[in-house]
Amino acid sequence: MEQKELRSRAWFGRKGKDGFLYRAWMKNQGIPDYEFDGKPVIGICNTWSELTPCNAHFRELAESVKRGILEAGGFPVEFPVMSLGETLMKPTAMLFRNLASMDVEESIRANPLDGVVLLCGCDKTTPSLVMGAASVNLPTIVVSGGPMLTGKHRGNNVGTSDLWHYHDDVRSGKIMEEELLTIEAAMCRSRGHCAVMGTASSMACMVESLGLSLPGNAAIPAADSRRKVLAQLSGLRVVEMVKEDLKLSDILTRRAFENAIKVNAAIGGSTNFVIHLLAIAGRIGVGLELNDFNHLSENIPLIANLQPSGKYFMEDLFYAGGLPVVLKALDYTLHRDCITVNGKTIAENYSNATGYNNDVITTIDAPFNTATGLAVLTGNLCEAGAVIKPSAASPHLMQHTGKAIVFENIEDYKARIDTDELDVDENSVLVLKNVGPKGYPGMPEVGNMGIPKKLLDKGITDMVRISDGRMSGTGFGTVVLHVSPEAATGGNFAMIRTGDLITLDVPNRLLNVDISPEDLIERRKQYVPFKPVTDRGYVKLYTDHVLQAHLGADMDFLVGGSGSKVSRDSH
C-alpha cells in the first residue's frame, strides 16, 4: 500500500523562498537538515500550566512522549495551548472550554503537523483538546496525566468527594476551619488530577473507552513510573498511525460513542461526561442526542466501587486491573469490533485483562449497585431534558414530590440558604436558576447546593436539588442538573416560583412541575428577559452563540469540522 504524502511536506519539502523560510527559522533551535527529510512531524499539544495544578507535571510527561516519537523515526514538536485549571479559574473553567478548543483546532491546522499527541488531565482540558483535534481530523492519540495518589489523613483515605462532607461539617460546627488545613495537605499529596471518579477521571475513562488512548491509560496514577512508559509508547504509536493514516474519524464512530456511554454508566462517571461527549460528537459529525444516553445506560448497573458513588479510588482501580477489566465485564453489551488507536479492536485490547479485586470491580450479574450511573429526565420542567446520577443519589428520594424553594441566581442562594427565615424542610425541593450556559455565563458546578444549615442541624444530609447548572464529578446527592432550556432563555424552568409542587420520578425518567398551561402563559407575560453580563470580548461571543446543555454547550459556529487543509498560503 502506497504511503500517503506527509502533510508537513507542504512546508518543509518546498523549494525556493518558501522552503527556505520554513526550514531556516526552525534551524535556529539547532535542528539539522535530516530532521525535515521525510520524517512525520508530530505535535505534542501540551496543557501544562502552573495555574492548572492537575497538569503541572506535563513538561516531564512530554519528554517521555518525545522519546517514543524519536524512537519511531518521527520529529516531535511541543506546543502550548490554553490550559483550563478547574480549581482556580473564575467564574468557571467551563466558560473557556470552547475557547480552548478553538486554540487547539487552529494551532493544529495552521502548523506543519502530520499527527498529534494530546496531553490532557484536568476536567476541561480533555474535552477541549479532543473537540479541537476532532475538527481537524489528523491521526491523534490522547495521553492523560493520571490521578493523584489516594489521600491519607489520620488513618483514613480521603479524596475530593470528601470535601463536600467536610464543608458541611464546618458549617454545622463538627470540625473547625483550622483542621481543613491539615486535611487539604493530606488529600492532595502527589501530582495528578482528582483521585476519585470525578470529571477528570471520567474524561480519562471516556477517551480510553472511545479508543483514543492506549489500553490502561485511564487509571495509572500520575506518580507511577508506568504513566511515563505509557506516554513513551503513545509517542511511538502515533508515528505508526500517521503511516497508516488512522484518523480520529476512523475511531470516533457512532458505535464507539455508544460504548463510551455504557462504560460511563458502569463506572458511575461524572454527569459532565454527557455535555462533553455531545460536544465531541458534534465536532466529528456523529448524530448523538441526549435521549440516547437513557436507553444506552438504563440496563447498565454500577460495577466500579469508586467515590463518589462507592468507597474506593482511582489508584485502587489501577491495582484492580484498570479500565480494561471494566470493559471485559461489559463485554456482551459493547460493540466489540470498534477500532482503537493501537490498530486493534477494543475487544482485542481487553481480551487478556485480569481483575485483581472483586470488591473494586464487580460484575454485571453481581454489581456493586443496581442503580445506573446516569439517567436523562424529561417533563414540563425540562422540555429538552435534564440529567441525574442515580448511583450517587438517595434511593428514598428517587420518587419524590415537594414544594419548591426557588433561588433566582447564585447570589440569592448564598444570601439566603443558611438564614433562619428560609421556610424549608427536608421535603422541600431546592431550585437554583440562571446558572446555565448563558445565565451565569459558563454553567458552573454549583448544582449540588449545600443543605440549609437548619436541616444539617437536624441530621438531614440529602434533599432534591434542581438547577440549570452542573455539578462537580466529585459531588453526590439527589441532584438534577443541566435543565434545558435554561432559565436565561425563558423556558418553563424560568417560570417556577417558591411553593410550586415539583415531582421527581427517576424510575419513569420524569421531572414535572404542577403549573397549568394557563398559569405558565400568565407567568411568561411577567418574565423579565435575561440581560448578558457583558457586551465585549470572548464572553459576549460565548453568550451570543453557546448552544443549550442538551446540545453539548458548544458554540453554534463550531459544530462540525474544518479539516486539515490550509485555505490560504501567505508566502
# chains A, B, ... in the order shown; residues from 1 in each chain; ligands from 1
>>> residues_around(residues="range 415-427 of chain A", least_positions_apart="4", cutoff="9 Å", atoms="only C-alpha atoms", output="ChimeraX atom specification")
/A:400-403,405,407,410-411,450-455,460,462-464
>>> write_last_selection(atoms="all heavy atoms", output="compact mmCIF listing (two decimals), in the first residue's frame")
# COMPACT_ATOMS: atom_id res chain seq x y z
N HIS A 400 -40.26 11.50 44.39
CA HIS A 400 -40.47 12.49 45.45
C HIS A 400 -41.24 13.69 44.92
O HIS A 400 -41.02 14.15 43.79
CB HIS A 400 -39.11 12.97 45.99
CG HIS A 400 -39.21 14.01 47.06
ND1 HIS A 400 -39.44 13.69 48.39
CD2 HIS A 400 -39.12 15.37 47.01
CE1 HIS A 400 -39.48 14.81 49.10
NE2 HIS A 400 -39.29 15.83 48.28
N THR A 401 -42.16 14.19 45.74
CA THR A 401 -42.88 15.42 45.43
C THR A 401 -42.70 16.38 46.60
O THR A 401 -42.86 16.00 47.77
CB THR A 401 -44.38 15.16 45.22
OG1 THR A 401 -44.55 14.30 44.08
CG2 THR A 401 -45.13 16.46 44.96
N GLY A 402 -42.34 17.61 46.29
CA GLY A 402 -42.14 18.60 47.33
C GLY A 402 -42.31 20.01 46.81
O GLY A 402 -42.34 20.25 45.60
N LYS A 403 -42.42 20.95 47.75
CA LYS A 403 -42.59 22.35 47.39
C LYS A 403 -41.26 22.99 47.04
O LYS A 403 -40.26 22.76 47.72
CB LYS A 403 -43.25 23.12 48.53
CG LYS A 403 -44.71 22.75 48.76
CD LYS A 403 -45.35 23.63 49.84
CE LYS A 403 -46.82 23.28 50.03
NZ LYS A 403 -47.46 24.11 51.08
N ILE A 405 -38.33 25.61 46.71
CA ILE A 405 -37.70 26.79 47.33
C ILE A 405 -36.79 27.35 46.24
O ILE A 405 -35.77 26.74 45.90
CB ILE A 405 -36.87 26.42 48.57
CG1 ILE A 405 -37.73 25.67 49.59
CG2 ILE A 405 -36.24 27.68 49.16
CD1 ILE A 405 -38.85 26.48 50.18
N PHE A 407 -34.29 29.88 44.24
CA PHE A 407 -33.24 30.90 44.27
C PHE A 407 -33.04 31.39 42.85
O PHE A 407 -32.78 30.60 41.94
CB PHE A 407 -31.94 30.32 44.83
CG PHE A 407 -32.09 29.72 46.20
CD1 PHE A 407 -32.25 28.35 46.37
CD2 PHE A 407 -32.08 30.52 47.33
CE1 PHE A 407 -32.40 27.79 47.62
CE2 PHE A 407 -32.23 29.98 48.60
CZ PHE A 407 -32.39 28.61 48.75
N ILE A 410 -27.17 32.59 41.83
CA ILE A 410 -26.24 32.08 42.82
C ILE A 410 -26.08 33.04 44.00
O ILE A 410 -25.90 32.62 45.15
CB ILE A 410 -24.87 31.75 42.17
CG1 ILE A 410 -23.97 30.99 43.15
CG2 ILE A 410 -24.20 33.01 41.66
CD1 ILE A 410 -24.49 29.62 43.55
N GLU A 411 -26.19 34.33 43.73
CA GLU A 411 -26.06 35.31 44.81
C GLU A 411 -27.25 35.21 45.77
O GLU A 411 -27.10 35.30 46.99
CB GLU A 411 -25.96 36.72 44.24
CG GLU A 411 -24.65 37.04 43.52
CD GLU A 411 -24.57 36.44 42.12
OE1 GLU A 411 -25.63 36.10 41.55
OE2 GLU A 411 -23.44 36.33 41.59
N GLY A 450 -25.55 23.24 48.84
CA GLY A 450 -25.42 22.77 50.21
C GLY A 450 -26.79 22.67 50.89
O GLY A 450 -27.70 23.45 50.61
N ILE A 451 -26.92 21.71 51.78
CA ILE A 451 -28.15 21.57 52.55
C ILE A 451 -28.26 22.76 53.51
O ILE A 451 -27.27 23.14 54.14
CB ILE A 451 -28.14 20.25 53.36
CG1 ILE A 451 -27.88 19.06 52.42
CG2 ILE A 451 -29.45 20.06 54.12
CD1 ILE A 451 -28.91 18.85 51.36
N PRO A 452 -29.46 23.38 53.64
CA PRO A 452 -29.60 24.50 54.58
C PRO A 452 -29.12 24.12 55.98
O PRO A 452 -29.36 23.00 56.44
CB PRO A 452 -31.10 24.78 54.56
CG PRO A 452 -31.56 24.30 53.21
CD PRO A 452 -30.71 23.10 52.91
N LYS A 453 -28.46 25.05 56.66
CA LYS A 453 -27.88 24.77 57.97
C LYS A 453 -28.91 24.26 58.96
O LYS A 453 -28.64 23.36 59.77
CB LYS A 453 -27.19 26.01 58.52
CG LYS A 453 -26.41 25.76 59.80
CD LYS A 453 -25.69 27.00 60.26
CE LYS A 453 -24.85 26.71 61.50
NZ LYS A 453 -25.65 26.17 62.62
N LYS A 454 -30.13 24.81 58.91
CA LYS A 454 -31.15 24.39 59.86
C LYS A 454 -31.51 22.91 59.67
O LYS A 454 -31.92 22.24 60.62
CB LYS A 454 -32.40 25.26 59.77
CG LYS A 454 -33.12 25.21 58.43
CD LYS A 454 -34.49 25.91 58.50
CE LYS A 454 -34.38 27.38 58.77
NZ LYS A 454 -35.71 28.04 58.78
N LEU A 455 -31.35 22.39 58.44
CA LEU A 455 -31.60 20.98 58.19
C LEU A 455 -30.39 20.12 58.54
O LEU A 455 -30.53 18.99 59.01
CB LEU A 455 -32.01 20.76 56.74
CG LEU A 455 -33.32 21.43 56.30
CD1 LEU A 455 -33.66 21.04 54.86
CD2 LEU A 455 -34.47 21.06 57.22
N ILE A 460 -30.19 16.07 58.52
CA ILE A 460 -30.55 15.84 57.12
C ILE A 460 -29.30 15.98 56.26
O ILE A 460 -28.60 16.99 56.32
CB ILE A 460 -31.64 16.82 56.65
CG1 ILE A 460 -32.87 16.75 57.55
CG2 ILE A 460 -32.01 16.56 55.20
CD1 ILE A 460 -33.51 15.37 57.62
N ASP A 462 -29.37 14.89 52.71
CA ASP A 462 -29.69 14.94 51.29
C ASP A 462 -31.11 15.43 51.10
O ASP A 462 -31.98 15.24 51.96
CB ASP A 462 -29.53 13.56 50.64
CG ASP A 462 -29.51 13.61 49.11
OD1 ASP A 462 -29.36 14.72 48.55
OD2 ASP A 462 -29.64 12.54 48.48
N MET A 463 -31.34 16.09 49.99
CA MET A 463 -32.67 16.51 49.57
C MET A 463 -32.62 16.75 48.06
O MET A 463 -31.54 16.86 47.48
CB MET A 463 -33.13 17.76 50.31
CG MET A 463 -32.23 18.96 50.17
SD MET A 463 -32.59 20.29 51.36
CE MET A 463 -34.32 20.64 51.02
N VAL A 464 -33.77 16.81 47.43
CA VAL A 464 -33.80 17.02 45.98
C VAL A 464 -33.37 18.44 45.66
O VAL A 464 -33.88 19.40 46.25
CB VAL A 464 -35.20 16.74 45.42
CG1 VAL A 464 -35.23 17.05 43.91
CG2 VAL A 464 -35.60 15.29 45.66
>>> select_by_dssp(residues="range 254-337 of chain A", states="helix (DSSP H, G or I)", output="PyMOL selection string")
chain A and resi 254-267+272-284+290-297+314-319+323-329+331-333
>>> closest_residue(among="A:Pro53, A:Pro91, A:Gly491, A:Gly121", to="Glu445 in chain A", atoms="only C-alpha atoms")
A:Pro91
>>> residues_around(residues="range 287-303 of chain A", least_positions_apart="2", cutoff="7 Å", atoms="only C-alpha atoms", output="short mmCIF file (atom, residue, chain, number, x, y, z; two decimals) with C-alpha atoms, in the first residue's frame")
data_model
loop_
_atom_site.label_atom_id
_atom_site.label_comp_id
_atom_site.auth_asym_id
_atom_site.auth_seq_id
_atom_site.Cartn_x
_atom_site.Cartn_y
_atom_site.Cartn_z
CA GLU A 258 -22.29 4.09 22.38
CA ILE A 261 -21.89 5.86 27.25
CA LYS A 262 -22.24 2.32 28.58
CA ALA A 265 -22.83 4.29 33.39
CA ALA A 266 -20.91 1.28 34.70
CA ILE A 267 -18.23 3.36 36.44
CA GLY A 268 -20.57 6.00 37.88
CA LEU A 278 -22.28 15.57 22.98
CA ALA A 281 -19.87 14.08 18.69
CA GLY A 285 -20.19 14.68 12.81
CA ASN A 305 -17.00 0.74 43.51
CA ILE A 361 -14.58 -4.03 40.05
CA THR A 362 -17.63 -6.27 40.27
CA THR A 363 -19.70 -7.86 37.50
CA ILE A 364 -22.95 -7.08 35.72
CA PRO A 367 -22.98 -5.38 40.58
CA PHE A 368 -21.84 -3.07 43.33
CA ASN A 369 -25.07 -1.09 42.86
CA THR A 370 -28.05 -1.99 40.69
CA ALA A 371 -28.65 1.73 40.03
CA THR A 372 -27.14 3.02 36.82
CA GLY A 373 -24.68 5.90 36.75
CA LEU A 374 -26.84 8.16 34.61
CA ALA A 375 -30.48 8.93 33.84
CA VAL A 376 -32.00 11.51 31.49
CA HIS A 550 -28.75 19.13 25.68
#
>>> residues_around(residues="range 327-343 of chain A", least_positions_apart="3", cutoff="8 Å", atoms="only C-alpha atoms", output="VMD selection string")
chain A and resid 140 to 141 209 to 214 237 241 246 250 to 251 255 to 256 258 to 259 262 to 263 323 to 324 346 to 347 350 to 351 353 362 to 364
>>> closest_residue(among="A:Leu481, A:Met131, A:Ala24, A:Leu149", to="Lys389 in chain A", atoms="only C-alpha atoms")
A:Leu481
>>> residues_around(residues="range 8-12 of chain A", least_positions_apart="2", cutoff="9 Å", atoms="only C-alpha atoms", output="list in words")
Glu5, Leu6, Arg14, Lys15, Asp18, Gly19, Phe20, Tyr22, Arg23, Phe36, Asp37, Gly38, Lys39, Pro40, Val41, Asn111, Pro112, Leu113 and Asp114 of chain A
>>> write_last_selection(atoms="C-alpha atoms", output="short mmCIF file (atom, residue, chain, number, x, y, z; two decimals), in the first residue's frame")
data_model
loop_
_atom_site.label_atom_id
_atom_site.label_comp_id
_atom_site.auth_asym_id
_atom_site.auth_seq_id
_atom_site.Cartn_x
_atom_site.Cartn_y
_atom_site.Cartn_z
CA GLU A 5 2.45 12.04 1.35
CA LEU A 6 3.16 13.72 4.66
CA ARG A 14 9.27 23.12 -0.58
CA LYS A 15 11.90 24.59 -2.88
CA ASP A 18 9.10 29.36 0.88
CA GLY A 19 11.02 26.25 1.86
CA PHE A 20 13.95 28.42 2.91
CA TYR A 22 10.11 27.36 6.88
CA ARG A 23 13.35 25.44 7.40
CA PHE A 36 13.00 17.63 7.96
CA ASP A 37 13.78 14.97 5.39
CA GLY A 38 10.58 12.95 5.14
CA LYS A 39 10.03 12.31 8.86
CA PRO A 40 6.47 12.55 10.24
CA VAL A 41 6.17 15.75 12.26
CA ASN A 111 1.08 24.30 11.57
CA PRO A 112 3.11 21.63 9.69
CA LEU A 113 1.85 18.65 11.68
CA ASP A 114 1.22 15.11 10.45
#
>>> closest_residue(among="A:Pro532, A:Gly155, A:Gly173, A:Gly43", to="Pro139 in chain A", atoms="only C-alpha atoms")
A:Gly43
>>> residues_around(residues="range 96-102 of chain A", least_positions_apart="5", cutoff="10 Å", atoms="only C-alpha atoms", output="JSON list (two decimals) with N, CA, C and O atoms, in the first residue's frame")
[["chain", "number", "residue", "atom", "x", "y", "z"],
["A", 47, "THR", "N", -1.03, 21.00, 27.67],
["A", 47, "THR", "CA", -1.80, 21.91, 28.53],
["A", 47, "THR", "C", -1.11, 22.11, 29.88],
["A", 47, "THR", "O", -1.76, 22.35, 30.89],
["A", 81, "VAL", "N", -1.12, 25.23, 24.42],
["A", 81, "VAL", "CA", -2.45, 25.78, 24.15],
["A", 81, "VAL", "C", -3.03, 26.23, 25.47],
["A", 81, "VAL", "O", -2.50, 25.92, 26.55],
["A", 82, "MET", "N", -4.12, 26.95, 25.41],
["A", 82, "MET", "CA", -4.76, 27.45, 26.62],
["A", 82, "MET", "C", -5.07, 26.31, 27.58],
["A", 82, "MET", "O", -5.64, 25.30, 27.20],
["A", 83, "SER", "N", -4.66, 26.47, 28.83],
["A", 83, "SER", "CA", -4.88, 25.43, 29.84],
["A", 83, "SER", "C", -5.97, 25.88, 30.80],
["A", 83, "SER", "O", -6.02, 27.04, 31.21],
["A", 84, "LEU", "N", -6.85, 24.95, 31.15],
["A", 84, "LEU", "CA", -8.02, 25.29, 31.95],
["A", 84, "LEU", "C", -7.91, 24.61, 33.32],
["A", 84, "LEU", "O", -8.15, 23.42, 33.46],
["A", 89, "MET", "N", -9.81, 28.74, 38.07],
["A", 89, "MET", "CA", -10.37, 29.69, 37.11],
["A", 89, "MET", "C", -11.75, 30.20, 37.52],
["A", 89, "MET", "O", -12.61, 29.44, 37.96],
["A", 90, "LYS", "N", -11.92, 31.51, 37.38],
["A", 90, "LYS", "CA", -13.21, 32.14, 37.64],
["A", 90, "LYS", "C", -13.72, 32.77, 36.34],
["A", 90, "LYS", "O", -12.94, 33.19, 35.51],
["A", 91, "PRO", "N", -15.04, 32.83, 36.13],
["A", 91, "PRO", "CA", -16.09, 32.35, 37.03],
["A", 91, "PRO", "C", -16.24, 30.84, 37.00],
["A", 91, "PRO", "O", -16.73, 30.25, 37.96],
["A", 107, "SER", "N", -4.35, 25.85, 16.14],
["A", 107, "SER", "CA", -2.92, 25.55, 16.29],
["A", 107, "SER", "C", -2.53, 24.32, 15.48],
["A", 107, "SER", "O", -1.47, 24.28, 14.86],
["A", 108, "ILE", "N", -3.39, 23.32, 15.49],
["A", 108, "ILE", "CA", -3.09, 22.09, 14.73],
["A", 108, "ILE", "C", -3.16, 22.35, 13.23],
["A", 108, "ILE", "O", -2.25, 21.99, 12.48],
["A", 123, "ASP", "N", -10.20, 18.55, 34.26],
["A", 123, "ASP", "CA", -11.54, 18.34, 33.71],
["A", 123, "ASP", "C", -11.75, 18.80, 32.28],
["A", 123, "ASP", "O", -12.10, 18.01, 31.40],
["A", 124, "LYS", "N", -11.59, 20.09, 32.01],
["A", 124, "LYS", "CA", -11.96, 20.63, 30.70],
["A", 124, "LYS", "C", -10.85, 20.50, 29.67],
["A", 124, "LYS", "O", -11.10, 20.70, 28.48],
["A", 125, "THR", "N", -9.62, 20.19, 30.11],
["A", 125, "THR", "CA", -8.54, 20.08, 29.12],
["A", 125, "THR", "C", -8.77, 18.89, 28.20],
["A", 125, "THR", "O", -8.45, 18.96, 27.01],
["A", 126, "THR", "N", -9.35, 17.81, 28.71],
["A", 126, "THR", "CA", -9.58, 16.65, 27.84],
["A", 126, "THR", "C", -10.63, 16.93, 26.76],
["A", 126, "THR", "O", -10.35, 16.77, 25.57],
["A", 127, "PRO", "N", -11.86, 17.34, 27.13],
["A", 127, "PRO", "CA", -12.83, 17.57, 26.05],
["A", 127, "PRO", "C", -12.43, 18.69, 25.11],
["A", 127, "PRO", "O", -12.66, 18.60, 23.90],
["A", 128, "SER", "N", -11.81, 19.75, 25.61],
["A", 128, "SER", "CA", -11.44, 20.86, 24.74],
["A", 128, "SER", "C", -10.40, 20.44, 23.71],
["A", 128, "SER", "O", -10.49, 20.79, 22.53],
["A", 129, "LEU", "N", -9.42, 19.62, 24.13],
["A", 129, "LEU", "CA", -8.40, 19.15, 23.20],
["A", 129, "LEU", "C", -8.98, 18.17, 22.19],
["A", 129, "LEU", "O", -8.68, 18.25, 20.99],
["A", 130, "VAL", "N", -9.83, 17.27, 22.65],
["A", 130, "VAL", "CA", -10.43, 16.31, 21.72],
["A", 130, "VAL", "C", -11.37, 17.01, 20.75],
["A", 130, "VAL", "O", -11.40, 16.70, 19.55],
["A", 131, "MET", "N", -12.14, 17.98, 21.23],
["A", 131, "MET", "CA", -13.04, 18.74, 20.35],
["A", 131, "MET", "C", -12.25, 19.44, 19.25],
["A", 131, "MET", "O", -12.59, 19.37, 18.07],
["A", 132, "GLY", "N", -11.18, 20.14, 19.65],
["A", 132, "GLY", "CA", -10.39, 20.87, 18.67],
["A", 132, "GLY", "C", -9.72, 19.95, 17.67],
["A", 132, "GLY", "O", -9.72, 20.21, 16.47],
["A", 133, "ALA", "N", -9.15, 18.86, 18.17],
["A", 133, "ALA", "CA", -8.47, 17.91, 17.28],
["A", 133, "ALA", "C", -9.47, 17.23, 16.35],
["A", 133, "ALA", "O", -9.16, 16.97, 15.18],
["A", 134, "ALA", "N", -10.68, 16.93, 16.86],
["A", 134, "ALA", "CA", -11.69, 16.28, 16.03],
["A", 134, "ALA", "C", -12.09, 17.15, 14.84],
["A", 134, "ALA", "O", -12.39, 16.65, 13.76],
["A", 135, "SER", "N", -12.10, 18.45, 15.05],
["A", 135, "SER", "CA", -12.46, 19.36, 13.96],
["A", 135, "SER", "C", -11.42, 19.37, 12.85],
["A", 135, "SER", "O", -11.74, 19.71, 11.71],
["A", 276, "HIS", "N", -19.90, 16.93, 27.54],
["A", 276, "HIS", "CA", -18.65, 16.89, 26.77],
["A", 276, "HIS", "C", -18.73, 15.90, 25.61],
["A", 276, "HIS", "O", -18.26, 16.19, 24.51],
["A", 279, "ALA", "N", -20.66, 17.36, 22.77],
["A", 279, "ALA", "CA", -19.88, 18.37, 22.04],
["A", 279, "ALA", "C", -18.86, 17.70, 21.11],
["A", 279, "ALA", "O", -18.68, 18.14, 19.97],
["A", 442, "GLY", "N", -21.48, 30.35, 31.49],
["A", 442, "GLY", "CA", -20.48, 29.31, 31.56],
["A", 442, "GLY", "C", -20.91, 28.03, 32.26],
["A", 442, "GLY", "O", -20.20, 27.06, 32.25],
["A", 538, "TYR", "N", -14.61, 37.73, 24.47],
["A", 538, "TYR", "CA", -14.98, 36.33, 24.31],
["A", 538, "TYR", "C", -16.29, 36.01, 25.03],
["A", 538, "TYR", "O", -17.10, 35.21, 24.53],
["A", 539, "VAL", "N", -16.52, 36.59, 26.20],
["A", 539, "VAL", "CA", -17.73, 36.26, 26.96],
["A", 539, "VAL", "C", -18.98, 36.65, 26.17],
["A", 539, "VAL", "O", -19.98, 35.93, 26.17],
["A", 541, "LEU", "N", -19.11, 36.77, 22.86],
["A", 541, "LEU", "CA", -19.15, 35.78, 21.78],
["A", 541, "LEU", "C", -19.78, 34.48, 22.28],
["A", 541, "LEU", "O", -20.64, 33.89, 21.62],
["A", 542, "TYR", "N", -19.36, 34.06, 23.46],
["A", 542, "TYR", "CA", -19.88, 32.84, 24.06],
["A", 542, "TYR", "C", -21.38, 32.97, 24.32],
["A", 542, "TYR", "O", -22.17, 32.09, 23.94],
["A", 546, "VAL", "N", -23.47, 30.26, 22.34],
["A", 546, "VAL", "CA", -23.43, 28.96, 23.00],
["A", 546, "VAL", "C", -24.77, 28.24, 22.85],
["A", 546, "VAL", "O", -25.84, 28.83, 22.93],
["A", 553, "ALA", "N", -23.48, 22.37, 24.70],
["A", 553, "ALA", "CA", -22.98, 23.70, 25.08],
["A", 553, "ALA", "C", -21.75, 24.12, 24.27],
["A", 553, "ALA", "O", -20.91, 24.87, 24.76],
["A", 554, "ASP", "N", -21.65, 23.63, 23.04],
["A", 554, "ASP", "CA", -20.63, 24.13, 22.13],
["A", 554, "ASP", "C", -21.15, 25.44, 21.53],
["A", 554, "ASP", "O", -22.32, 25.80, 21.71],
["A", 555, "MET", "N", -20.30, 26.15, 20.81],
["A", 555, "MET", "CA", -20.77, 27.32, 20.09],
["A", 555, "MET", "C", -21.37, 26.86, 18.76],
["A", 555, "MET", "O", -20.84, 25.93, 18.12],
["A", 558, "LEU", "N", -19.13, 26.36, 15.77],
["A", 558, "LEU", "CA", -18.03, 25.41, 15.87],
["A", 558, "LEU", "C", -18.45, 23.97, 15.59],
["A", 558, "LEU", "O", -17.60, 23.09, 15.44]]
>>> closest_residue(among="A:Glu244, A:Leu230, A:His545, A:Val528", to="Val559 in chain A", atoms="only C-alpha atoms")
A:His545
>>> closest_residue(among="A:Glu106, A:Glu63, A:Glu408, A:Glu50", to="Val229 in chain A", atoms="only C-alpha atoms")
A:Glu63
>>> residues_around(residues="Ala204 in chain A", least_positions_apart="4", cutoff="7 Å", atoms="only C-alpha atoms", output="VMD selection string")
chain A and resid 144 200 208 218
>>> write_last_selection(atoms="all heavy atoms", output="CSV table (one decimal), in the first residue's frame")
chain,number,residue,atom,x,y,z
A,144,SER,N,-3.4,10.9,29.0
A,144,SER,CA,-3.9,11.6,30.2
A,144,SER,C,-2.8,11.7,31.2
A,144,SER,O,-1.9,10.9,31.2
A,144,SER,CB,-5.1,10.8,30.8
A,144,SER,OG,-6.2,10.7,29.9
A,200,ALA,N,-12.4,14.6,35.8
A,200,ALA,CA,-11.1,14.3,35.2
A,200,ALA,C,-10.9,12.8,34.9
A,200,ALA,O,-10.5,12.4,33.8
A,200,ALA,CB,-10.0,14.9,36.0
A,208,GLU,N,-10.4,6.4,26.8
A,208,GLU,CA,-10.0,5.0,26.6
A,208,GLU,C,-11.1,4.2,26.1
A,208,GLU,O,-10.9,3.3,25.2
A,208,GLU,CB,-9.5,4.5,28.0
A,208,GLU,CG,-8.9,3.0,27.8
A,208,GLU,CD,-8.2,2.5,29.1
A,208,GLU,OE1,-7.8,3.3,29.9
A,208,GLU,OE2,-8.1,1.3,29.2
A,218,ALA,N,-6.4,5.2,31.5
A,218,ALA,CA,-7.3,6.0,32.4
A,218,ALA,C,-6.8,5.9,33.9
A,218,ALA,O,-7.0,6.9,34.6
A,218,ALA,CB,-8.7,5.4,32.3
>>> select_by_dssp(residues="range 113-333 of chain A", states="strand (DSSP E)", output="PyMOL selection string")
chain A and resi 115-120+140-144+151-153+156-158
>>> closest_residue(among="A:Cys45, A:Val533, A:Leu456, A:Cys382", to="Pro485 in chain A", atoms="only C-alpha atoms")
A:Cys382
>>> atom_distance(atom1="CA of Gly74 in chain A", atom2="CA of Ser234 in chain A")
12.3 Å
>>> atom_distance(atom1="CA of Gly355 in chain A", atom2="CA of Ala219 in chain A")
13.6 Å
>>> atom_distance(atom1="CA of Gly469 in chain A", atom2="CA of Val506 in chain A")
18.8 Å
